[in-house]
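Trainee: Input coords.csv, format and content: CSV, C-alpha atoms.
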```csv
chain,number,residue,atom,x,y,z
A,1,MET,CA,33.3,-6.3,-133.5
A,2,THR,CA,35.1,-4.9,-130.5
A,3,ASN,CA,38.8,-5.2,-130.9
A,4,PHE,CA,40.6,-4.5,-127.6
A,5,THR,CA,44.3,-4.1,-127.1
A,6,GLN,CA,44.8,-7.7,-126.0
A,7,LYS,CA,43.8,-10.6,-128.1
A,8,VAL,CA,41.2,-12.6,-126.1
A,9,PHE,CA,40.7,-16.3,-126.5
A,10,LEU,CA,37.0,-16.2,-125.7
A,11,PHE,CA,35.1,-13.6,-123.9
A,12,VAL,CA,35.8,-9.9,-123.5
A,13,ALA,CA,33.4,-9.4,-120.6
A,14,MET,CA,34.2,-12.2,-118.2
A,15,THR,CA,36.9,-12.4,-115.5
A,16,ALA,CA,37.5,-16.1,-116.2
A,17,LEU,CA,36.3,-18.9,-118.4
A,18,ALA,CA,36.4,-22.4,-116.9
A,19,LEU,CA,35.8,-25.6,-118.8
A,20,ALA,CA,32.4,-27.3,-118.5
A,21,SER,CA,31.5,-30.8,-119.4
A,22,CYS,CA,30.0,-31.8,-122.7
A,23,GLY,CA,26.4,-33.1,-122.7
A,24,GLY,CA,24.6,-30.0,-121.6
A,25,GLY,CA,25.7,-29.3,-118.0
A,26,SER,CA,28.4,-28.9,-115.4
A,27,PRO,CA,31.2,-31.4,-114.7
A,28,VAL,CA,29.9,-34.5,-113.0
A,29,VAL,CA,31.1,-36.4,-110.0
A,30,ASP,CA,31.2,-40.1,-109.2
A,31,ASP,CA,28.0,-41.5,-107.6
A,32,GLY,CA,29.9,-44.1,-105.6
A,33,GLY,CA,28.4,-47.1,-107.4
A,34,THR,CA,30.4,-50.1,-108.6
A,35,ASP,CA,30.9,-51.5,-112.0
A,36,GLY,CA,27.8,-53.4,-113.1
A,37,GLY,CA,25.7,-52.2,-110.2
A,38,ASP,CA,25.7,-48.4,-110.3
A,39,THR,CA,22.7,-46.3,-109.4
A,40,ASP,CA,23.2,-43.4,-111.9
A,41,THR,CA,21.1,-42.7,-115.0
A,42,ASP,CA,23.8,-42.2,-117.5
A,43,GLY,CA,22.9,-45.3,-119.5
A,44,ASP,CA,26.1,-47.3,-119.0
A,45,THR,CA,27.1,-49.9,-116.4
A,46,ASP,CA,30.2,-48.4,-114.9
A,47,GLY,CA,30.5,-46.8,-111.5
A,48,ASP,CA,30.7,-43.1,-112.6
A,49,THR,CA,28.2,-40.6,-113.9
A,50,ASP,CA,29.9,-39.6,-117.1
A,51,SER,CA,28.6,-41.1,-120.3
A,52,ASP,CA,31.7,-43.0,-121.4
A,53,THR,CA,32.1,-46.7,-120.9
A,54,ASP,CA,35.3,-46.8,-118.8
A,55,THR,CA,35.3,-47.2,-115.0
A,56,ASP,CA,37.1,-44.1,-113.9
A,57,THR,CA,35.5,-40.9,-112.6
A,58,ASP,CA,36.7,-38.4,-115.1
A,59,THR,CA,34.5,-36.1,-117.1
A,60,ASP,CA,35.7,-36.9,-120.5
A,61,THR,CA,33.1,-38.2,-122.9
A,62,ASN,CA,33.1,-40.4,-126.0
A,63,CYS,CA,33.2,-37.4,-128.3
A,64,GLY,CA,36.8,-36.6,-127.6
A,65,GLU,CA,36.3,-33.4,-125.6
A,66,SER,CA,39.4,-31.5,-124.5
A,67,ASP,CA,39.7,-30.5,-120.9
A,68,PHE,CA,41.4,-27.2,-120.3
A,69,GLU,CA,40.8,-23.7,-119.0
A,70,ILE,CA,40.6,-20.6,-121.2
A,71,ALA,CA,41.5,-17.2,-119.7
A,72,GLY,CA,39.1,-14.4,-120.4
A,73,THR,CA,39.3,-10.6,-120.5
A,74,THR,CA,37.2,-7.9,-118.9
A,75,VAL,CA,37.1,-4.1,-119.3
A,76,ASP,CA,38.0,-1.4,-116.9
A,77,MET,CA,35.6,1.4,-115.9
A,78,LEU,CA,36.6,4.3,-113.8
A,79,ILE,CA,33.7,6.1,-112.1
A,80,LEU,CA,34.5,9.8,-111.7
A,81,LEU,CA,31.9,10.9,-109.1
A,82,ASP,CA,31.1,14.5,-108.4
A,83,ARG,CA,30.8,15.0,-104.6
A,84,SER,CA,30.2,18.8,-104.7
A,85,ASN,CA,27.9,20.3,-102.1
A,86,SER,CA,24.9,20.4,-104.4
A,87,MET,CA,25.0,16.6,-104.8
A,88,CYS,CA,23.6,16.4,-101.2
A,89,ASN,CA,20.5,18.4,-102.1
A,90,ASN,CA,17.1,16.5,-102.2
A,91,ASP,CA,18.7,13.2,-101.3
A,92,LEU,CA,20.5,13.1,-104.6
A,93,TRP,CA,23.8,11.8,-103.1
A,94,ASP,CA,22.1,8.8,-101.4
A,95,ASP,CA,20.2,7.9,-104.5
A,96,VAL,CA,23.3,8.1,-106.8
A,97,THR,CA,25.6,6.2,-104.4
A,98,ASP,CA,23.0,3.5,-103.7
A,99,ALA,CA,22.7,2.9,-107.5
A,100,ILE,CA,26.5,2.8,-107.9
A,101,THR,CA,26.9,0.4,-105.0
A,102,ASP,CA,24.2,-1.9,-106.5
A,103,ILE,CA,25.6,-1.9,-110.1
A,104,THR,CA,29.2,-2.3,-109.2
A,105,SER,CA,28.3,-5.3,-107.0
A,106,GLN,CA,26.0,-6.8,-109.7
A,107,MET,CA,28.4,-6.4,-112.6
A,108,SER,CA,31.7,-7.1,-110.9
A,109,ALA,CA,32.1,-10.3,-112.9
A,110,GLN,CA,31.9,-8.4,-116.2
A,111,VAL,CA,33.7,-5.1,-115.4
A,112,ASN,CA,36.7,-4.1,-113.3
A,113,PHE,CA,35.4,-1.0,-111.5
A,114,GLY,CA,37.4,1.8,-109.9
A,115,ILE,CA,36.2,5.1,-108.4
A,116,MET,CA,37.7,8.6,-108.1
A,117,PHE,CA,35.9,11.4,-106.2
A,118,PHE,CA,36.1,15.1,-106.9
A,119,PRO,CA,36.8,17.4,-105.2
A,120,THR,CA,39.6,15.5,-103.4
A,121,LEU,CA,38.7,13.8,-100.1
A,122,SER,CA,40.9,16.4,-98.3
A,123,CYS,CA,38.1,19.0,-99.1
A,124,THR,CA,36.5,20.4,-96.0
A,125,ASN,CA,33.5,22.8,-95.7
A,126,ALA,CA,34.3,24.1,-92.2
A,127,PRO,CA,36.8,25.6,-92.1
A,128,VAL,CA,36.8,26.2,-95.9
A,129,TYR,CA,39.7,24.3,-97.3
A,130,ASN,CA,40.6,22.8,-100.7
A,131,GLN,CA,37.1,23.0,-102.1
A,132,CYS,CA,38.3,22.9,-105.6
A,133,GLY,CA,41.1,20.3,-105.1
A,134,ALA,CA,41.6,17.7,-107.8
A,135,PRO,CA,41.9,14.1,-106.9
A,136,SER,CA,45.5,12.7,-106.9
A,137,GLY,CA,44.6,9.1,-107.9
A,138,ALA,CA,41.9,6.5,-107.8
A,139,ASN,CA,40.2,6.2,-104.4
A,140,VAL,CA,39.5,2.5,-105.3
A,141,PRO,CA,41.9,1.2,-108.0
A,142,PHE,CA,41.1,-1.5,-110.5
A,143,ASP,CA,43.5,-3.9,-108.9
A,144,ALA,CA,41.9,-3.7,-105.4
A,145,ALA,CA,41.3,-7.0,-103.8
A,146,ASP,CA,37.5,-6.3,-103.7
A,147,PRO,CA,36.7,-3.2,-105.7
A,148,ALA,CA,32.9,-3.5,-105.4
A,149,GLY,CA,33.2,-4.0,-101.6
A,150,ASP,CA,35.6,-1.1,-101.2
A,151,ILE,CA,33.3,1.2,-103.3
A,152,ALA,CA,30.4,0.1,-101.1
A,153,ASP,CA,32.4,0.9,-97.9
A,154,LEU,CA,33.4,4.4,-99.2
A,155,LEU,CA,29.8,5.2,-100.2
A,156,GLY,CA,28.4,4.1,-96.8
A,157,PRO,CA,26.2,6.5,-94.8
A,158,SER,CA,29.1,7.6,-92.5
A,159,ASP,CA,31.9,7.8,-95.0
A,160,VAL,CA,32.4,9.9,-98.2
A,161,SER,CA,29.9,12.7,-98.4
A,162,CYS,CA,29.6,16.1,-100.2
A,163,CYS,CA,32.0,19.0,-100.1
A,164,GLY,CA,33.1,22.0,-102.2
A,165,GLY,CA,32.8,22.9,-105.8
A,166,THR,CA,32.9,21.1,-109.2
A,167,PRO,CA,36.5,20.9,-110.5
A,168,THR,CA,35.5,18.7,-113.5
A,169,ALA,CA,38.4,19.7,-115.8
A,170,THR,CA,41.1,18.8,-113.3
A,171,ALA,CA,39.3,15.7,-112.2
A,172,LEU,CA,39.2,14.5,-115.9
A,173,ALA,CA,43.0,15.2,-116.1
A,174,ALA,CA,43.6,13.2,-112.9
A,175,ALA,CA,41.6,10.3,-114.4
A,176,GLN,CA,43.8,10.4,-117.5
A,177,ASN,CA,46.9,10.3,-115.4
A,178,TYR,CA,45.6,7.4,-113.4
A,179,LEU,CA,44.5,5.4,-116.5
A,180,ASN,CA,47.9,6.0,-118.2
A,181,SER,CA,49.5,4.5,-115.1
A,182,VAL,CA,47.6,1.2,-115.4
A,183,SER,CA,49.2,-1.4,-117.7
A,184,ASP,CA,46.8,-4.3,-117.5
A,185,GLY,CA,46.2,-4.3,-121.3
A,186,LEU,CA,42.4,-3.9,-120.9
A,187,GLN,CA,40.1,-1.4,-122.7
A,188,LYS,CA,39.3,1.5,-120.3
A,189,PHE,CA,36.3,3.8,-120.0
A,190,VAL,CA,35.5,6.8,-117.8
A,191,LEU,CA,32.0,7.3,-116.4
A,192,LEU,CA,31.5,10.9,-115.3
A,193,ALA,CA,28.5,11.4,-113.0
A,194,THR,CA,27.9,15.0,-112.1
A,195,ASP,CA,25.0,17.3,-111.1
A,196,GLY,CA,26.5,20.7,-112.0
A,197,ALA,CA,28.3,22.7,-114.5
A,198,PRO,CA,32.2,22.5,-114.4
A,199,ALA,CA,33.8,25.3,-112.4
A,200,CYS,CA,36.8,25.9,-110.1
A,201,ASN,CA,39.1,27.5,-112.6
A,202,PRO,CA,41.0,30.4,-110.9
A,203,THR,CA,42.3,31.9,-114.2
A,204,LEU,CA,38.8,32.9,-115.4
A,205,ASP,CA,37.6,36.5,-115.4
A,206,GLY,CA,34.7,36.8,-113.0
A,207,THR,CA,33.5,40.1,-114.7
A,208,THR,CA,33.0,38.5,-118.1
A,209,CYS,CA,32.5,34.8,-117.5
A,210,THR,CA,29.2,32.8,-117.4
A,211,CYS,CA,28.5,32.4,-113.7
A,212,VAL,CA,27.1,29.0,-112.6
A,213,VAL,CA,25.3,30.3,-109.5
A,214,THR,CA,22.2,32.4,-109.2
A,215,PRO,CA,22.2,35.2,-108.4
A,216,SER,CA,25.6,35.7,-110.0
A,217,ASN,CA,28.5,36.5,-107.7
A,218,CYS,CA,31.4,35.8,-110.0
A,219,ALA,CA,32.4,39.5,-110.2
A,220,THR,CA,33.0,39.6,-106.4
A,221,ALA,CA,36.6,39.3,-105.4
A,222,GLY,CA,37.6,35.7,-105.0
A,223,MET,CA,34.4,34.3,-106.4
A,224,ASN,CA,35.6,33.7,-110.0
A,225,LEU,CA,35.8,30.0,-109.0
A,226,ASN,CA,32.1,30.0,-109.8
A,227,CYS,CA,32.8,30.8,-113.4
A,228,LEU,CA,31.7,28.1,-116.0
A,229,ASP,CA,34.9,26.2,-116.9
A,230,ASP,CA,33.6,24.7,-120.1
A,231,THR,CA,36.6,25.1,-122.5
A,232,ALA,CA,39.1,23.4,-120.2
A,233,THR,CA,36.7,20.6,-119.5
A,234,TYR,CA,36.1,19.9,-123.1
A,235,THR,CA,39.8,19.8,-123.7
A,236,ALA,CA,40.3,17.4,-120.8
A,237,ALA,CA,37.6,15.1,-122.1
A,238,ALA,CA,39.0,15.1,-125.6
A,239,ALA,CA,42.5,14.3,-124.2
A,240,LEU,CA,41.0,11.2,-122.5
A,241,ASN,CA,39.4,10.1,-125.7
A,242,ALA,CA,42.6,10.7,-127.7
A,243,ASP,CA,44.4,8.3,-125.3
A,244,GLY,CA,41.7,5.6,-126.0
A,245,TYR,CA,39.6,6.2,-122.9
A,246,PRO,CA,36.0,7.1,-124.0
A,247,VAL,CA,34.1,9.3,-121.5
A,248,TYR,CA,30.5,8.6,-120.7
A,249,VAL,CA,28.5,11.4,-119.0
A,250,ILE,CA,25.5,11.0,-116.7
A,251,GLY,CA,24.0,14.4,-115.9
A,252,VAL,CA,21.9,14.2,-112.7
A,253,GLY,CA,19.7,16.7,-110.9
A,254,ALA,CA,20.6,20.3,-111.6
A,255,SER,CA,22.9,19.4,-114.5
A,256,LEU,CA,19.9,19.3,-116.7
A,257,ASP,CA,20.1,23.1,-116.7
A,258,TRP,CA,23.5,22.7,-118.4
A,259,ALA,CA,22.5,20.1,-121.1
A,260,LEU,CA,24.5,21.7,-123.8
A,261,VAL,CA,27.6,21.6,-121.7
A,262,MET,CA,27.0,18.0,-120.7
A,263,ASP,CA,26.5,17.1,-124.3
A,264,GLU,CA,29.7,18.7,-125.4
A,265,ILE,CA,31.7,17.0,-122.7
A,266,ALA,CA,30.4,13.6,-123.9
A,267,ASN,CA,31.0,14.6,-127.5
A,268,GLN,CA,34.6,15.5,-126.9
A,269,GLY,CA,34.9,12.3,-124.8
A,270,GLY,CA,33.9,10.3,-127.8
A,271,THR,CA,30.5,9.0,-126.7
A,272,THR,CA,28.2,11.3,-128.6
A,273,GLY,CA,25.8,12.9,-126.1
A,274,TYR,CA,25.2,12.7,-122.3
A,275,TYR,CA,22.6,10.7,-120.5
A,276,GLU,CA,19.9,12.5,-118.5
A,277,ALA,CA,19.0,11.1,-115.1
A,278,ALA,CA,16.6,13.5,-113.5
A,279,ASP,CA,15.4,11.1,-110.8
A,280,PRO,CA,16.7,8.0,-109.0
A,281,SER,CA,15.0,5.4,-111.2
A,282,ALA,CA,16.4,7.1,-114.3
A,283,PHE,CA,19.9,7.1,-112.8
A,284,VAL,CA,19.7,3.3,-112.1
A,285,THR,CA,18.5,2.6,-115.7
A,286,THR,CA,21.1,4.9,-117.2
A,287,LEU,CA,23.9,3.3,-115.2
A,288,GLN,CA,22.8,-0.1,-116.3
A,289,THR,CA,22.6,1.0,-120.0
A,290,ILE,CA,26.2,2.5,-119.9
A,291,VAL,CA,27.7,-0.5,-118.2
A,292,GLY,CA,25.9,-2.8,-120.7
A,293,ASP,CA,27.2,-0.7,-123.5
A,294,VAL,CA,30.9,-1.4,-122.7
A,295,ILE,CA,30.3,-5.2,-122.5
A,296,SER,CA,30.7,-6.8,-125.9
A,297,CYS,CA,28.6,-9.8,-127.0
A,298,GLU,CA,31.3,-10.8,-129.6
A,299,PHE,CA,34.5,-12.5,-128.9
A,300,ASP,CA,37.5,-14.0,-130.8
A,301,ILE,CA,38.8,-17.5,-130.7
A,302,ASP,CA,42.5,-17.7,-131.2
A,303,TRP,CA,42.7,-21.3,-132.6
A,304,SER,CA,46.5,-21.2,-132.6
A,305,GLY,CA,46.5,-20.5,-128.8
A,306,LEU,CA,44.5,-23.6,-127.9
A,307,PRO,CA,46.3,-26.7,-126.6
A,308,ASP,CA,47.7,-29.1,-129.2
A,309,ASP,CA,45.2,-31.8,-128.5
A,310,ALA,CA,42.2,-29.4,-128.6
A,311,SER,CA,39.6,-29.8,-131.4
A,312,GLN,CA,40.0,-27.1,-134.1
A,313,ASP,CA,36.5,-27.9,-135.5
A,314,PRO,CA,34.1,-25.0,-135.1
A,315,ASN,CA,31.2,-27.5,-135.2
A,316,MET,CA,32.6,-29.0,-132.0
A,317,VAL,CA,32.2,-26.0,-129.6
A,318,ASN,CA,29.6,-25.5,-126.8
A,319,PHE,CA,29.0,-22.7,-124.3
A,320,TYR,CA,27.4,-22.7,-120.9
A,321,GLY,CA,26.2,-19.9,-118.6
A,322,ASP,CA,26.6,-20.9,-114.9
A,323,GLY,CA,26.6,-24.5,-116.1
A,324,GLY,CA,23.4,-24.3,-118.2
A,325,LEU,CA,23.7,-24.8,-121.9
A,326,ILE,CA,23.7,-21.8,-124.2
A,327,PRO,CA,22.6,-23.6,-127.5
A,328,TYR,CA,24.0,-23.0,-131.0
A,329,ASP,CA,21.5,-20.7,-132.8
A,330,GLU,CA,22.4,-20.5,-136.5
A,331,ASP,CA,22.2,-17.0,-137.8
A,332,CYS,CA,20.5,-16.1,-134.5
A,333,GLU,CA,17.1,-17.2,-136.0
A,334,ASP,CA,15.7,-17.8,-132.5
A,335,GLY,CA,17.7,-15.1,-130.8
A,336,SER,CA,18.5,-16.9,-127.6
A,337,GLY,CA,21.7,-18.8,-128.3
A,338,TRP,CA,25.0,-18.1,-130.1
A,339,HIS,CA,26.4,-18.3,-133.6
A,340,TRP,CA,29.5,-17.8,-135.7
A,341,LEU,CA,30.0,-14.3,-137.3
A,342,ASP,CA,33.1,-15.7,-139.1
A,343,SER,CA,35.6,-18.5,-138.7
A,344,ASP,CA,37.2,-16.8,-135.6
A,345,THR,CA,34.4,-14.8,-134.1
A,346,VAL,CA,31.4,-15.9,-132.0
A,347,GLU,CA,28.4,-13.7,-131.2
A,348,PHE,CA,25.8,-14.2,-128.5
A,349,CYS,CA,22.4,-13.5,-129.9
A,350,GLU,CA,19.9,-11.0,-128.5
A,351,GLU,CA,18.5,-12.8,-125.5
A,352,ALA,CA,21.8,-14.4,-124.5
A,353,CYS,CA,23.5,-11.0,-125.0
A,354,ALA,CA,21.0,-9.4,-122.7
A,355,ASP,CA,21.6,-12.0,-120.1
A,356,LEU,CA,25.3,-11.3,-120.2
A,357,LYS,CA,24.9,-7.6,-120.1
A,358,GLY,CA,22.4,-7.9,-117.2
A,359,GLY,CA,24.8,-10.0,-115.1
A,360,ALA,CA,22.6,-13.1,-115.3
A,361,TRP,CA,25.7,-15.3,-115.4
A,362,GLU,CA,28.7,-15.2,-113.0
A,363,THR,CA,30.7,-17.5,-115.2
A,364,VAL,CA,30.6,-18.5,-118.9
A,365,THR,CA,32.2,-21.9,-119.7
A,366,ALA,CA,33.2,-23.5,-123.0
A,367,THR,CA,34.1,-26.9,-124.4
A,368,PHE,CA,35.9,-27.9,-127.5
A,369,GLY,CA,35.6,-31.4,-129.1
A,370,CYS,CA,31.9,-32.2,-128.7
A,371,GLU,CA,29.4,-31.5,-131.4
A,372,SER,CA,27.6,-28.2,-131.0
A,373,ILE,CA,24.2,-28.6,-129.4
A,374,PRO,CA,21.6,-26.7,-131.4
A,375,ILE,CA,18.6,-24.9,-130.1
A,376,GLU,CA,15.5,-27.0,-129.9
```
Now that the file is in, can you turn its structure into structure tokens?

Mentor:
Amino acid sequence: MTNFTQKVFLFVAMTALALASCGGGSPVVDDGGTDGGDTDTDGDTDGDTDSDTDTDTDTDTNCGESDFEIAGTTVDMLILLDRSNSMCNNDLWDDVTDAITDITSQMSAQVNFGIMFFPTLSCTNAPVYNQCGAPSGANVPFDAADPAGDIADLLGPSDVSCCGGTPTATALAAAQNYLNSVSDGLQKFVLLATDGAPACNPTLDGTTCTCVVTPSNCATAGMNLNCLDDTATYTAAAALNADGYPVYVIGVGASLDWALVMDEIANQGGTTGYYEAADPSAFVTTLQTIVGDVISCEFDIDWSGLPDDASQDPNMVNFYGDGGLIPYDEDCEDGSGWHWLDSDTVEFCEEACADLKGGAWETVTATFGCESIPIE
């Protein structure tokens, strides 16, 4: 079970959990009828559409359901995006940025996204300036008013584009500095997307290093910035993981030529191997897989944190996805509902988990006090 730094009441992957009505749907509204002459189909004779026998327009039912909101918790994912010149070869930049724009928009209800570009946005190709500059902070922070929208704006056709080299080690260090400055109490991840081997270390010896360009020019004066900067990059990835920030790596395009290096960055970052994405469709699928991996289908219920009048009976809990019932599925025999792992932990079964990870629901809601509705 995922155990993040903040005890969550219900769901580790949702931005908010709002109460739904018992009885298999969303909260109801009054149909305007009068006592004894209503036009609804709830089976009673009062003038509202709830199933109790009073004449008010509340949504409480005769099973004693409690009406309250429960705050949820999400996770933070910082996208560390390589914008070196080679990323603009063969339409790679457009394919990668289109996929990032789509995923961040689709999954914004489950994940707080931020983005950091490297080299820094002050890099220019003509005249040559700051082509190995490290980012100084997140270009879109987690607490932006509309992170997905801001990311889409930056990745538009006339905005951020390609420039310079691949200062991966210093970019990972900048990511660590930024994440250490964020105190929102959420689990944090780094997603490194790069097409080339790490370089840009001015301390390396161009006459003895492994050169990342062909034909090799690293021995030429001033060109040692093209030396493979693997050791410092591994150290930076390991430092992120040591601080509790696992590093996922997507290797795109030419990075497949550096598979061993990409693998070791991921290993040091605590995620055991990089993801290959040689073409646009593979990148989209890989991005979806990684984002889904950080979303948990288990969540804790802190019974002591519920209101005093709330039911404490685990047999009186129901869940809804966008207002539609997610039924109780004992031991996940059917695979499409939810069940109890223990007295405090609920797990969504395979199909329900896939819906959550795939962004099928914008909101998940819960009720306490009504008998759990089983799968039919």

Trainee: Which polymer residues, whether protein, DNA or RNA, lie within 9 Å of the coordinate (42.1, -17.8, -136.8) when you count all atoms listed in the file? List them as a PyMOL selection string, using the chain letters and numbers from the file.

Mentor: chain A and resi 300-304+343-345

Trainee: Do you know which residues are at most 9 Å from region 182-192 of chain A counting only C-alpha atoms, after dropping those on the same chain fewer than 3 positions away, and could you put them as a PyMOL selection string?

Mentor: chain A and resi 4-6+73-82+142+168+172+175+178-179+240+244-251+269+290+294

Trainee: Record the distance separating CA of Glu298 (chain A) and CA of Asp331 (chain A), expressed in Å with one decimal.

Mentor: 13.7 Å

Trainee: Counting all atoms listed in the file, what is within 9 Å of region 277-287 of chain A, bar same-chain residues fewer than 3 positions away, as a list of chain:residue names?

Mentor: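 Here the answer would be A:Leu92, A:Asp95, A:Val96, A:Ala99, A:Ile100, A:Asp102, A:Ile103, A:Ile250, A:Gly251, A:Val252, A:Gly253, A:Ala254, A:Ser255, A:Leu256, A:Ile290, A:Val291, A:Gly292.
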
Trainee: Mind giving me the straight-line distance from CA of Thr97 (chain A) to CA of Gly137 (chain A) in Å, one decimal?

Mentor: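 Between these atoms lies a distance of 19.5 Å.
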
Trainee: Compare A:Asp257, A:Asp205, A:Asp153, A:Asp195 by their minimum atom-to-atom distance to Cys88 (chain A), counting only C-alpha atoms, and give me the closest one.

Mentor: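 Nearest to Cys88 (chain A): A:Asp195.
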
Trainee: Grab the CA of Asp263 (chain A) to CA of Cys353 (chain A) distance for me, in Å with one decimal place.

Mentor: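 It comes out at 28.3 Å.
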
Trainee: Return the single residue from A:Val160, A:Glu330, A:Ala310, A:Glu350 that is closest to Thr367 (chain A), with distances computed using all atoms listed in the file.

Mentor: A:Ala310

Trainee: Looking at only C-alpha atoms, which of A:Pro198, A:Pro327, A:Pro135, A:Gly222 is the one that sits closest to Gln176 (chain A)?

Mentor: A:Pro135

Trainee: For Val364 (chain A), work out the shell of residues within 7 Å, counting all atoms listed in the file and skipping chain neighbours fewer than 2 positions away, then give it as a PyMOL selection string.

Mentor: chain A and resi 17+320-322+361+366

Trainee: So that I can check the surroundings of Asp293 (chain A), please list as a list in words every protein, DNA and RNA residue that reaches within 9 Å of it, counting only C-alpha atoms and ignoring chain neighbours fewer than 4 positions away.

Mentor: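 Near Asp293 (chain A), the qualifying residues are Gln288, Thr289 and Lys357 of chain A.
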
Trainee: Name the closest residue to Ala173 (chain A) among the candidates A:Ala134, A:Cys332, A:Ile151, A:Pro119; distances are taken between atoms, counting only C-alpha atoms.

Mentor: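 Result for the nearest residue to Ala173 (chain A): A:Ala134.
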
Trainee: Would you list the contacts of Leu154 (chain A) as JSON, numbers by chain, taking every protein, DNA or RNA residue within 12 Å and counting all atoms listed in the file, but skipping same-chain residues closer than 4 positions in sequence?

Mentor: {"A": [81, 97, 98, 100, 101, 114, 115, 116, 117, 121, 139, 140, 147, 148, 149, 150, 158, 159, 160, 161]}

Trainee: Counting only C-alpha atoms, find the residues whose atoms lie at most 9 Å from (33.6, 20.8, -123.8) (file coordinates) and write them out as a list in words.

Mentor: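 Residues with an atom at most 9 Å from (33.6, 20.8, -123.8): Asp229, Asp230, Thr231, Ala232, Thr233, Tyr234, Thr235, Ala236, Ala237, Ala238, Val261, Met262, Asp263, Glu264, Ile265, Ala266, Asn267, Gln268 and Gly269 of chain A.
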